[in-house]
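To be precise, the following lines are work_17.cif, and they hold mmCIF, N, CA and C atoms.
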```cif
data_target
loop_
_atom_site.label_atom_id
_atom_site.label_comp_id
_atom_site.auth_asym_id
_atom_site.auth_seq_id
_atom_site.Cartn_x
_atom_site.Cartn_y
_atom_site.Cartn_z
N GLN A 1 57.51 97.77 144.15
CA GLN A 1 57.81 98.19 142.78
C GLN A 1 56.58 97.96 141.91
N VAL A 2 56.20 98.98 141.16
CA VAL A 2 55.06 98.91 140.25
C VAL A 2 55.58 98.95 138.82
N GLN A 3 55.16 98.00 138.03
CA GLN A 3 55.53 97.99 136.61
C GLN A 3 54.33 98.39 135.77
N LEU A 4 54.59 99.21 134.77
CA LEU A 4 53.54 99.74 133.90
C LEU A 4 53.87 99.42 132.45
N VAL A 5 52.88 98.94 131.71
CA VAL A 5 53.09 98.62 130.30
C VAL A 5 52.01 99.32 129.48
N GLU A 6 52.46 100.19 128.58
CA GLU A 6 51.53 100.95 127.74
C GLU A 6 51.34 100.26 126.40
N SER A 7 50.19 100.53 125.79
CA SER A 7 49.92 100.06 124.44
C SER A 7 48.90 100.99 123.80
N GLY A 8 48.79 100.89 122.47
CA GLY A 8 47.75 101.63 121.77
C GLY A 8 48.21 102.83 120.97
N GLY A 9 49.49 103.11 120.99
CA GLY A 9 49.96 104.27 120.22
C GLY A 9 50.02 103.97 118.74
N GLY A 10 50.48 104.94 117.97
CA GLY A 10 50.61 104.75 116.54
C GLY A 10 50.48 106.04 115.78
N VAL A 11 50.16 105.90 114.51
CA VAL A 11 50.01 107.05 113.61
C VAL A 11 48.53 107.24 113.31
N VAL A 12 48.08 108.48 113.39
CA VAL A 12 46.68 108.80 113.13
C VAL A 12 46.61 110.14 112.41
N GLN A 13 45.59 110.30 111.59
CA GLN A 13 45.42 111.57 110.89
C GLN A 13 44.80 112.60 111.83
N PRO A 14 45.03 113.88 111.54
CA PRO A 14 44.37 114.92 112.34
C PRO A 14 42.86 114.72 112.36
N GLY A 15 42.28 114.91 113.56
CA GLY A 15 40.85 114.68 113.73
C GLY A 15 40.51 113.26 114.15
N GLY A 16 41.49 112.38 114.09
CA GLY A 16 41.26 110.99 114.44
C GLY A 16 41.32 110.73 115.93
N SER A 17 41.20 109.45 116.29
CA SER A 17 41.17 109.04 117.68
C SER A 17 42.12 107.88 117.93
N LEU A 18 42.61 107.81 119.16
CA LEU A 18 43.39 106.68 119.64
C LEU A 18 43.03 106.45 121.09
N ARG A 19 43.18 105.20 121.54
CA ARG A 19 43.03 104.92 122.96
C ARG A 19 44.29 104.23 123.46
N LEU A 20 44.92 104.86 124.43
CA LEU A 20 46.08 104.28 125.08
C LEU A 20 45.64 103.48 126.30
N SER A 21 46.34 102.38 126.52
CA SER A 21 46.09 101.55 127.70
C SER A 21 47.36 101.42 128.51
N CYS A 22 47.20 101.25 129.80
CA CYS A 22 48.35 101.09 130.70
C CYS A 22 47.97 100.03 131.74
N VAL A 23 48.64 98.91 131.67
CA VAL A 23 48.41 97.82 132.61
C VAL A 23 49.45 97.90 133.72
N ALA A 24 49.00 97.88 134.96
CA ALA A 24 49.88 98.01 136.11
C ALA A 24 50.00 96.70 136.86
N SER A 25 51.17 96.48 137.44
CA SER A 25 51.37 95.30 138.29
C SER A 25 50.94 95.62 139.72
N GLY A 26 50.85 94.59 140.54
CA GLY A 26 50.57 94.80 141.95
C GLY A 26 49.12 94.59 142.30
N ASP A 27 48.88 94.43 143.59
CA ASP A 27 47.52 94.18 144.06
C ASP A 27 46.93 95.38 144.78
N LYS A 28 47.57 96.55 144.62
CA LYS A 28 47.07 97.77 145.26
C LYS A 28 46.65 98.80 144.23
N PHE A 29 46.31 98.34 143.01
CA PHE A 29 46.01 99.27 141.93
C PHE A 29 44.95 100.29 142.32
N ILE A 30 43.98 99.85 143.08
CA ILE A 30 42.89 100.75 143.46
C ILE A 30 43.41 101.95 144.24
N SER A 31 44.59 101.82 144.82
CA SER A 31 45.18 102.90 145.61
C SER A 31 46.14 103.78 144.80
N TYR A 32 46.42 103.39 143.55
CA TYR A 32 47.35 104.17 142.74
C TYR A 32 46.65 105.41 142.19
N ILE A 33 47.34 106.55 142.23
CA ILE A 33 46.91 107.70 141.46
C ILE A 33 47.50 107.53 140.06
N MET A 34 46.65 107.47 139.06
CA MET A 34 47.10 107.20 137.69
C MET A 34 47.10 108.48 136.86
N GLY A 35 48.15 108.63 136.08
CA GLY A 35 48.25 109.82 135.24
C GLY A 35 48.87 109.50 133.90
N TRP A 36 48.67 110.41 132.98
CA TRP A 36 49.31 110.34 131.67
C TRP A 36 50.10 111.63 131.44
N TYR A 37 51.33 111.47 131.03
CA TYR A 37 52.21 112.57 130.67
C TYR A 37 52.57 112.42 129.20
N ARG A 38 53.08 113.49 128.63
CA ARG A 38 53.62 113.40 127.28
C ARG A 38 54.84 114.31 127.16
N GLN A 39 55.68 113.94 126.21
CA GLN A 39 56.89 114.73 125.95
C GLN A 39 57.07 114.83 124.45
N ALA A 40 56.96 116.05 123.96
CA ALA A 40 57.18 116.31 122.54
C ALA A 40 58.65 116.62 122.32
N PRO A 41 59.14 116.46 121.10
CA PRO A 41 60.56 116.74 120.82
C PRO A 41 60.94 118.15 121.24
N GLY A 42 62.02 118.26 122.01
CA GLY A 42 62.51 119.56 122.42
C GLY A 42 61.73 120.21 123.55
N LYS A 43 60.75 119.49 124.11
CA LYS A 43 59.94 120.06 125.18
C LYS A 43 60.04 119.22 126.45
N GLN A 44 59.62 119.82 127.54
CA GLN A 44 59.62 119.10 128.80
C GLN A 44 58.42 118.15 128.87
N ARG A 45 58.58 117.12 129.68
CA ARG A 45 57.47 116.22 129.92
C ARG A 45 56.39 116.97 130.71
N GLU A 46 55.12 116.81 130.28
CA GLU A 46 54.04 117.52 130.93
C GLU A 46 52.92 116.57 131.32
N LEU A 47 52.29 116.86 132.44
CA LEU A 47 51.12 116.11 132.88
C LEU A 47 49.92 116.57 132.07
N ILE A 48 49.20 115.63 131.47
CA ILE A 48 48.04 116.01 130.68
C ILE A 48 46.73 115.50 131.27
N ALA A 49 46.76 114.44 132.05
CA ALA A 49 45.54 113.91 132.63
C ALA A 49 45.89 113.07 133.85
N GLN A 50 45.04 113.15 134.87
CA GLN A 50 45.28 112.40 136.09
C GLN A 50 43.96 112.03 136.74
N MET A 51 43.95 110.82 137.33
CA MET A 51 42.76 110.37 138.02
C MET A 51 43.17 109.87 139.40
N SER A 52 42.59 110.45 140.43
CA SER A 52 42.93 110.06 141.79
C SER A 52 42.15 108.81 142.19
N THR A 53 42.42 108.34 143.39
CA THR A 53 41.75 107.14 143.87
C THR A 53 40.28 107.39 144.14
N GLU A 54 39.92 108.66 144.36
CA GLU A 54 38.50 109.00 144.57
C GLU A 54 37.86 109.50 143.30
N ASP A 55 38.51 109.19 142.15
CA ASP A 55 38.01 109.59 140.83
C ASP A 55 38.06 111.09 140.59
N GLY A 56 38.86 111.79 141.38
CA GLY A 56 39.10 113.19 141.06
C GLY A 56 39.88 113.29 139.77
N LEU A 57 39.53 114.23 138.92
CA LEU A 57 40.12 114.34 137.60
C LEU A 57 40.85 115.66 137.40
N TYR A 58 41.95 115.56 136.64
CA TYR A 58 42.67 116.75 136.19
C TYR A 58 42.96 116.60 134.71
N TYR A 59 42.79 117.67 133.97
CA TYR A 59 43.18 117.73 132.56
C TYR A 59 43.93 119.02 132.30
N ALA A 60 44.99 118.91 131.53
CA ALA A 60 45.66 120.12 131.05
C ALA A 60 44.74 120.85 130.08
N ASP A 61 44.87 122.15 130.05
CA ASP A 61 44.02 122.94 129.15
C ASP A 61 44.15 122.50 127.70
N SER A 62 45.33 122.05 127.33
CA SER A 62 45.59 121.69 125.94
C SER A 62 44.80 120.47 125.48
N VAL A 63 44.32 119.64 126.42
CA VAL A 63 43.60 118.42 126.04
C VAL A 63 42.17 118.39 126.57
N LYS A 64 41.82 119.37 127.37
CA LYS A 64 40.49 119.38 127.99
C LYS A 64 39.40 119.37 126.91
N GLY A 65 38.42 118.50 127.10
CA GLY A 65 37.33 118.38 126.13
C GLY A 65 37.62 117.42 124.99
N ARG A 66 38.87 117.00 124.85
CA ARG A 66 39.24 116.07 123.76
C ARG A 66 39.72 114.72 124.30
N PHE A 67 40.39 114.73 125.44
CA PHE A 67 40.96 113.51 126.02
C PHE A 67 40.16 113.14 127.27
N THR A 68 40.07 111.83 127.52
CA THR A 68 39.38 111.33 128.70
C THR A 68 40.22 110.24 129.35
N ILE A 69 40.50 110.42 130.63
CA ILE A 69 41.20 109.40 131.39
C ILE A 69 40.18 108.55 132.13
N SER A 70 40.44 107.26 132.21
CA SER A 70 39.56 106.37 132.94
C SER A 70 40.39 105.21 133.49
N ARG A 71 39.76 104.40 134.33
CA ARG A 71 40.46 103.27 134.91
C ARG A 71 39.48 102.13 135.14
N ASP A 72 40.00 100.92 135.04
CA ASP A 72 39.24 99.72 135.35
C ASP A 72 40.02 99.00 136.45
N ASN A 73 39.58 99.16 137.69
CA ASN A 73 40.33 98.60 138.80
C ASN A 73 40.35 97.08 138.77
N ALA A 74 39.33 96.46 138.19
CA ALA A 74 39.29 95.00 138.11
C ALA A 74 40.35 94.46 137.15
N LYS A 75 40.77 95.30 136.21
CA LYS A 75 41.77 94.89 135.22
C LYS A 75 43.13 95.53 135.46
N ASN A 76 43.27 96.28 136.54
CA ASN A 76 44.55 96.98 136.81
C ASN A 76 44.97 97.83 135.61
N THR A 77 44.03 98.48 134.97
CA THR A 77 44.31 99.18 133.73
C THR A 77 43.77 100.61 133.76
N ALA A 78 44.59 101.52 133.26
CA ALA A 78 44.18 102.90 133.03
C ALA A 78 44.15 103.15 131.54
N TYR A 79 43.28 104.06 131.14
CA TYR A 79 43.11 104.36 129.72
C TYR A 79 43.22 105.85 129.49
N LEU A 80 43.58 106.21 128.27
CA LEU A 80 43.51 107.59 127.82
C LEU A 80 42.86 107.57 126.44
N GLN A 81 41.60 108.00 126.39
CA GLN A 81 40.90 108.12 125.12
C GLN A 81 41.21 109.50 124.54
N MET A 82 41.75 109.51 123.34
CA MET A 82 42.17 110.76 122.71
C MET A 82 41.36 110.96 121.44
N ASN A 83 40.56 111.99 121.42
CA ASN A 83 39.73 112.32 120.26
C ASN A 83 40.15 113.66 119.66
N SER A 84 39.71 113.91 118.46
CA SER A 84 40.01 115.17 117.78
C SER A 84 41.50 115.50 117.84
N LEU A 85 42.30 114.52 117.51
CA LEU A 85 43.75 114.68 117.63
C LEU A 85 44.27 115.74 116.67
N LYS A 86 45.29 116.44 117.13
CA LYS A 86 45.91 117.52 116.38
C LYS A 86 47.40 117.18 116.18
N PRO A 87 48.02 117.77 115.16
CA PRO A 87 49.46 117.53 114.98
C PRO A 87 50.28 117.86 116.23
N GLU A 88 49.86 118.86 116.98
CA GLU A 88 50.60 119.24 118.19
C GLU A 88 50.45 118.23 119.32
N ASP A 89 49.60 117.22 119.15
CA ASP A 89 49.52 116.13 120.12
C ASP A 89 50.61 115.07 119.90
N THR A 90 51.36 115.22 118.82
CA THR A 90 52.44 114.28 118.55
C THR A 90 53.48 114.34 119.68
N ALA A 91 53.75 113.18 120.26
CA ALA A 91 54.65 113.11 121.42
C ALA A 91 54.83 111.66 121.83
N VAL A 92 55.74 111.44 122.75
CA VAL A 92 55.81 110.17 123.46
C VAL A 92 54.94 110.30 124.70
N TYR A 93 54.04 109.37 124.86
CA TYR A 93 53.10 109.39 125.98
C TYR A 93 53.55 108.38 127.03
N TYR A 94 53.51 108.82 128.29
CA TYR A 94 53.96 107.99 129.40
C TYR A 94 52.83 107.80 130.41
N CYS A 95 52.65 106.58 130.81
CA CYS A 95 51.75 106.27 131.91
C CYS A 95 52.52 106.45 133.22
N ASN A 96 51.86 106.99 134.21
CA ASN A 96 52.47 107.21 135.52
C ASN A 96 51.54 106.71 136.61
N ALA A 97 52.13 106.04 137.59
CA ALA A 97 51.39 105.63 138.77
C ALA A 97 52.09 106.21 139.99
N TYR A 98 51.30 106.79 140.90
CA TYR A 98 51.87 107.27 142.15
C TYR A 98 51.31 106.44 143.29
N PHE A 99 52.22 105.78 144.02
CA PHE A 99 51.87 104.98 145.21
C PHE A 99 53.08 105.04 146.11
N PHE A 100 53.16 106.09 146.89
CA PHE A 100 54.29 106.40 147.76
C PHE A 100 55.56 106.73 146.95
N ALA A 101 55.53 106.57 145.67
CA ALA A 101 56.62 106.93 144.76
C ALA A 101 56.03 106.98 143.36
N HIS A 102 56.76 107.63 142.46
CA HIS A 102 56.31 107.69 141.07
C HIS A 102 56.89 106.51 140.30
N TYR A 103 56.04 105.89 139.50
CA TYR A 103 56.45 104.80 138.62
C TYR A 103 56.05 105.16 137.20
N TRP A 104 56.90 104.76 136.23
CA TRP A 104 56.72 105.16 134.84
C TRP A 104 56.67 103.96 133.91
N GLY A 105 55.84 104.09 132.88
CA GLY A 105 55.90 103.14 131.80
C GLY A 105 57.05 103.48 130.87
N GLN A 106 57.21 102.66 129.85
CA GLN A 106 58.34 102.81 128.94
C GLN A 106 58.12 103.92 127.92
N GLY A 107 56.91 104.39 127.80
CA GLY A 107 56.58 105.41 126.83
C GLY A 107 56.10 104.80 125.52
N ILE A 108 55.18 105.50 124.86
CA ILE A 108 54.65 105.01 123.60
C ILE A 108 54.46 106.20 122.67
N GLN A 109 54.83 106.01 121.41
CA GLN A 109 54.81 107.10 120.45
C GLN A 109 53.42 107.29 119.87
N VAL A 110 53.00 108.54 119.79
CA VAL A 110 51.77 108.92 119.09
C VAL A 110 52.16 109.98 118.06
N ASN A 111 51.86 109.70 116.80
CA ASN A 111 52.13 110.63 115.71
C ASN A 111 50.82 111.03 115.06
N VAL A 112 50.56 112.32 115.01
CA VAL A 112 49.36 112.83 114.37
C VAL A 112 49.80 113.57 113.12
N SER A 113 49.52 112.97 111.99
CA SER A 113 50.04 113.52 110.74
C SER A 113 49.16 113.09 109.58
N SER A 114 49.04 114.00 108.62
CA SER A 114 48.30 113.66 107.41
C SER A 114 49.26 113.09 106.35
#
```

Once more with this new file: its structure as structure tokens, please.
Amino acid sequence: QVQLVESGGGVVQPGGSLRLSCVASGDKFISYIMGWYRQAPGKQRELIAQMSTEDGLYYADSVKGRFTISRDNAKNTAYLQMNSLKPEDTAVYYCNAYFFAHYWGQGIQVNVSS
């Protein structure tokens, strides 16, 4: 069982930045595929960024060039740096780890509003 705890959400003005963090339990973090999903009101949860164990990267078109996923294996932590935020980025953001099964964080709210 992998437990994930997210932090770093909040309210930010359009054009601003936030960095989300996700701390994972377990001693196999280096083997986890880490991803970030988001779910806006009335919409399905969508994958926006993912980093494989070999540092392969995926970004959804909607965040490409603005968001950056990274990981610190020594700290069992994944990050999502979000720049140039837009109102349409408002959503609940979820950290995901895949290690023979999908594991989810509790979700964290990000509001982009003036």

* **Point-to-point distance from atom N of Lys86 (chain A) to atom C of Ala60 (chain A), Å rounded to tenths** =>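 The value is 13.7 Å.
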
Return as JSON the centre and edge lengths, in Å with one decimal, of the box along x, y and z that encloses every atom of region 5-15 of chain A in the file, padded by 5 Å per side.
```
{"center_x": 46.8, "center_y": 106.8, "center_z": 121.3, "size_x": 22.6, "size_y": 26.3, "size_z": 30.8}
```

* To do: Could you please give me, as an MDAnalysis selection string, the residues of protein, DNA or RNA lying at most 7 Å from (51.7, 115.7, 125.9) in the coordinate frame of the file, considering all atoms listed in the file?
  => chainID A and resid 37:40 45:48 89:93

* Compile the contact shell of Trp36 (chain A) as a PyMOL selection string: residues with an atom at most 8 Å away, counting only N, CA and C atoms, same-chain residues fewer than 4 positions apart removed. => chain A and resi 46-51+69+79-80+93-97

Write the residues of the selection above to a file with N, CA and C atoms, as a PDB file, in the frame of the given file.
```
ATOM      1  N   GLU A  46      55.120 116.810 130.280  1.00  0.00           N
ATOM      2  CA  GLU A  46      54.040 117.520 130.930  1.00  0.00           C
ATOM      3  C   GLU A  46      52.920 116.570 131.320  1.00  0.00           C
ATOM      4  N   LEU A  47      52.290 116.860 132.440  1.00  0.00           N
ATOM      5  CA  LEU A  47      51.120 116.110 132.880  1.00  0.00           C
ATOM      6  C   LEU A  47      49.920 116.570 132.070  1.00  0.00           C
ATOM      7  N   ILE A  48      49.200 115.630 131.470  1.00  0.00           N
ATOM      8  CA  ILE A  48      48.040 116.010 130.680  1.00  0.00           C
ATOM      9  C   ILE A  48      46.730 115.500 131.270  1.00  0.00           C
ATOM     10  N   ALA A  49      46.760 114.440 132.050  1.00  0.00           N
ATOM     11  CA  ALA A  49      45.540 113.910 132.630  1.00  0.00           C
ATOM     12  C   ALA A  49      45.890 113.070 133.850  1.00  0.00           C
ATOM     13  N   GLN A  50      45.040 113.150 134.870  1.00  0.00           N
ATOM     14  CA  GLN A  50      45.280 112.400 136.090  1.00  0.00           C
ATOM     15  C   GLN A  50      43.960 112.030 136.740  1.00  0.00           C
ATOM     16  N   MET A  51      43.950 110.820 137.330  1.00  0.00           N
ATOM     17  CA  MET A  51      42.760 110.370 138.020  1.00  0.00           C
ATOM     18  C   MET A  51      43.170 109.870 139.400  1.00  0.00           C
ATOM     19  N   ILE A  69      40.500 110.420 130.630  1.00  0.00           N
ATOM     20  CA  ILE A  69      41.200 109.400 131.390  1.00  0.00           C
ATOM     21  C   ILE A  69      40.180 108.550 132.130  1.00  0.00           C
ATOM     22  N   TYR A  79      43.280 104.060 131.140  1.00  0.00           N
ATOM     23  CA  TYR A  79      43.110 104.360 129.720  1.00  0.00           C
ATOM     24  C   TYR A  79      43.220 105.850 129.490  1.00  0.00           C
ATOM     25  N   LEU A  80      43.580 106.210 128.270  1.00  0.00           N
ATOM     26  CA  LEU A  80      43.510 107.590 127.820  1.00  0.00           C
ATOM     27  C   LEU A  80      42.860 107.570 126.440  1.00  0.00           C
ATOM     28  N   TYR A  93      54.040 109.370 124.860  1.00  0.00           N
ATOM     29  CA  TYR A  93      53.100 109.390 125.980  1.00  0.00           C
ATOM     30  C   TYR A  93      53.550 108.380 127.030  1.00  0.00           C
ATOM     31  N   TYR A  94      53.510 108.820 128.290  1.00  0.00           N
ATOM     32  CA  TYR A  94      53.960 107.990 129.400  1.00  0.00           C
ATOM     33  C   TYR A  94      52.830 107.800 130.410  1.00  0.00           C
ATOM     34  N   CYS A  95      52.650 106.580 130.810  1.00  0.00           N
ATOM     35  CA  CYS A  95      51.750 106.270 131.910  1.00  0.00           C
ATOM     36  C   CYS A  95      52.520 106.450 133.220  1.00  0.00           C
ATOM     37  N   ASN A  96      51.860 106.990 134.210  1.00  0.00           N
ATOM     38  CA  ASN A  96      52.470 107.210 135.520  1.00  0.00           C
ATOM     39  C   ASN A  96      51.540 106.710 136.610  1.00  0.00           C
ATOM     40  N   ALA A  97      52.130 106.040 137.590  1.00  0.00           N
ATOM     41  CA  ALA A  97      51.390 105.630 138.770  1.00  0.00           C
ATOM     42  C   ALA A  97      52.090 106.210 139.990  1.00  0.00           C
TER      43      ALA A  97
END
```

* To do: Write out as a PyMOL selection string the residues lying within 8 Å of region 70-76 of chain A, counting only N, CA and C atoms and excluding same-chain residues fewer than 4 positions away.
  => chain A and resi 22-26+28-30+50-51+80-81

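Compared by their closest atoms to Ala78 (chain A), and using all atoms listed in the file, the residues A:Val2, A:Val12, A:Met34, A:Leu18 rank with A:Met34 nearest.
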
* Glu6 (chain A): which residues within 7 Å, counting only N, CA and C atoms, same-chain residues fewer than 3 positions away excluded, as a PyMOL selection string? -> chain A and resi 9+20-23+95+105-108

* atom C of Lys43 (chain A) to CA of Val112 (chain A): how many Å, to one decimal? -> 17.3 Å

* To do: Determine which residues of region 33-111 of chain A receive a DSSP assignment of strand (DSSP E or B), computed from the backbone, and state them as number ranges by chain.
  => A: 33-39, 46-51, 57-59, 67-72, 77-82, 91-98, 102-104, 108-111

* To do: Can you work out the spacing between CA of Pro87 (chain A) and CA of Tyr59 (chain A) in Å, to one decimal?
  =>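 Here the two named atoms are 18.7 Å from each other.
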
* Select, from A:Thr68, A:Gly42, A:Ser113, A:Phe99, the residue with the minimum atom-to-atom distance to Gln1 (chain A), counting only C-alpha atoms. =>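 Of A:Thr68, A:Gly42, A:Ser113, A:Phe99, the one nearest Gln1 (chain A) is A:Phe99, counting only C-alpha atoms.
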
* **Residue among A:Gly8, A:Gln3, A:Trp104, A:Ser52 lying closest to Tyr32 (chain A), counting all atoms listed in the file** =>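 Nearest candidate to Tyr32 (chain A) out of A:Gly8, A:Gln3, A:Trp104, A:Ser52: A:Ser52.
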
* Every residue of region 29-84 of chain A that DSSP places in helix (DSSP H, G or I), as a PyMOL selection string -> chain A and resi 29-31+73-75

* To do: Give as number ranges by chain the residues that the PyMOL selection byres ((chain A and resi 66) around 7) matches when applied to the coordinates above.
  => A: 62-65, 67-68, 81-84

* Which residue, A:Leu57, A:Ile33, A:Val110, A:Leu85, has the smallest gap to Pro14 (chain A) when you use only C-alpha atoms? ->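 Of the candidates, the smallest distance to Pro14 (chain A) is held by A:Leu85.
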
Could region 47-56 of chain A be completed with all heavy atoms and written as an mmCIF file, in the coordinates of the input, please?
```cif
data_model
loop_
_atom_site.group_PDB
_atom_site.id
_atom_site.type_symbol
_atom_site.label_atom_id
_atom_site.label_comp_id
_atom_site.auth_asym_id
_atom_site.auth_seq_id
_atom_site.Cartn_x
_atom_site.Cartn_y
_atom_site.Cartn_z
ATOM 1 N N LEU A 47 52.290 116.860 132.440
ATOM 2 C CA LEU A 47 51.120 116.110 132.880
ATOM 3 C C LEU A 47 49.920 116.570 132.070
ATOM 4 O O LEU A 47 49.637 117.771 132.007
ATOM 5 C CB LEU A 47 50.874 116.339 134.375
ATOM 6 C CG LEU A 47 49.603 115.726 134.952
ATOM 7 C CD1 LEU A 47 49.650 114.203 134.888
ATOM 8 C CD2 LEU A 47 49.383 116.210 136.384
ATOM 9 N N ILE A 48 49.200 115.630 131.470
ATOM 10 C CA ILE A 48 48.040 116.010 130.680
ATOM 11 C C ILE A 48 46.730 115.500 131.270
ATOM 12 O O ILE A 48 45.675 116.078 131.033
ATOM 13 C CB ILE A 48 48.152 115.570 129.214
ATOM 14 C CG1 ILE A 48 48.368 114.053 129.113
ATOM 15 C CG2 ILE A 48 49.259 116.342 128.513
ATOM 16 C CD1 ILE A 48 48.265 113.533 127.684
ATOM 17 N N ALA A 49 46.760 114.440 132.050
ATOM 18 C CA ALA A 49 45.540 113.910 132.630
ATOM 19 C C ALA A 49 45.890 113.070 133.850
ATOM 20 O O ALA A 49 46.914 112.386 133.865
ATOM 21 C CB ALA A 49 44.768 113.070 131.629
ATOM 22 N N GLN A 50 45.040 113.150 134.870
ATOM 23 C CA GLN A 50 45.280 112.400 136.090
ATOM 24 C C GLN A 50 43.960 112.030 136.740
ATOM 25 O O GLN A 50 43.000 112.807 136.707
ATOM 26 C CB GLN A 50 46.137 113.230 137.063
ATOM 27 C CG GLN A 50 46.645 112.460 138.268
ATOM 28 C CD GLN A 50 47.573 113.325 139.096
ATOM 29 O OE1 GLN A 50 47.159 114.313 139.687
ATOM 30 N NE2 GLN A 50 48.841 112.949 139.132
ATOM 31 N N MET A 51 43.950 110.820 137.330
ATOM 32 C CA MET A 51 42.760 110.370 138.020
ATOM 33 C C MET A 51 43.170 109.870 139.400
ATOM 34 O O MET A 51 43.997 108.958 139.512
ATOM 35 C CB MET A 51 42.064 109.258 137.233
ATOM 36 C CG MET A 51 40.877 108.636 137.956
ATOM 37 S SD MET A 51 40.044 107.398 136.954
ATOM 38 C CE MET A 51 38.869 108.435 136.096
ATOM 39 N N SER A 52 42.590 110.450 140.430
ATOM 40 C CA SER A 52 42.930 110.060 141.790
ATOM 41 C C SER A 52 42.150 108.810 142.190
ATOM 42 O O SER A 52 41.323 108.307 141.447
ATOM 43 C CB SER A 52 42.609 111.196 142.748
ATOM 44 O OG SER A 52 41.203 111.297 142.911
ATOM 45 N N THR A 53 42.420 108.340 143.390
ATOM 46 C CA THR A 53 41.750 107.140 143.870
ATOM 47 C C THR A 53 40.280 107.390 144.140
ATOM 48 O O THR A 53 39.485 106.458 144.143
ATOM 49 C CB THR A 53 42.422 106.625 145.150
ATOM 50 O OG1 THR A 53 42.444 107.688 146.114
ATOM 51 C CG2 THR A 53 43.848 106.194 144.859
ATOM 52 N N GLU A 54 39.920 108.660 144.360
ATOM 53 C CA GLU A 54 38.500 109.000 144.570
ATOM 54 C C GLU A 54 37.860 109.500 143.300
ATOM 55 O O GLU A 54 36.851 110.168 143.308
ATOM 56 C CB GLU A 54 38.371 110.081 145.658
ATOM 57 C CG GLU A 54 38.758 109.607 147.048
ATOM 58 C CD GLU A 54 40.258 109.630 147.248
ATOM 59 O OE1 GLU A 54 40.930 110.495 146.648
ATOM 60 O OE2 GLU A 54 40.754 108.772 147.993
ATOM 61 N N ASP A 55 38.510 109.190 142.150
ATOM 62 C CA ASP A 55 38.010 109.590 140.830
ATOM 63 C C ASP A 55 38.060 111.090 140.590
ATOM 64 O O ASP A 55 37.362 111.603 139.732
ATOM 65 C CB ASP A 55 36.585 109.061 140.582
ATOM 66 C CG ASP A 55 36.555 107.544 140.472
ATOM 67 O OD1 ASP A 55 37.620 106.960 140.159
ATOM 68 O OD2 ASP A 55 35.498 106.950 140.704
ATOM 69 N N GLY A 56 38.860 111.790 141.380
ATOM 70 C CA GLY A 56 39.100 113.190 141.060
ATOM 71 C C GLY A 56 39.880 113.290 139.770
ATOM 72 O O GLY A 56 40.785 112.487 139.525
#
```
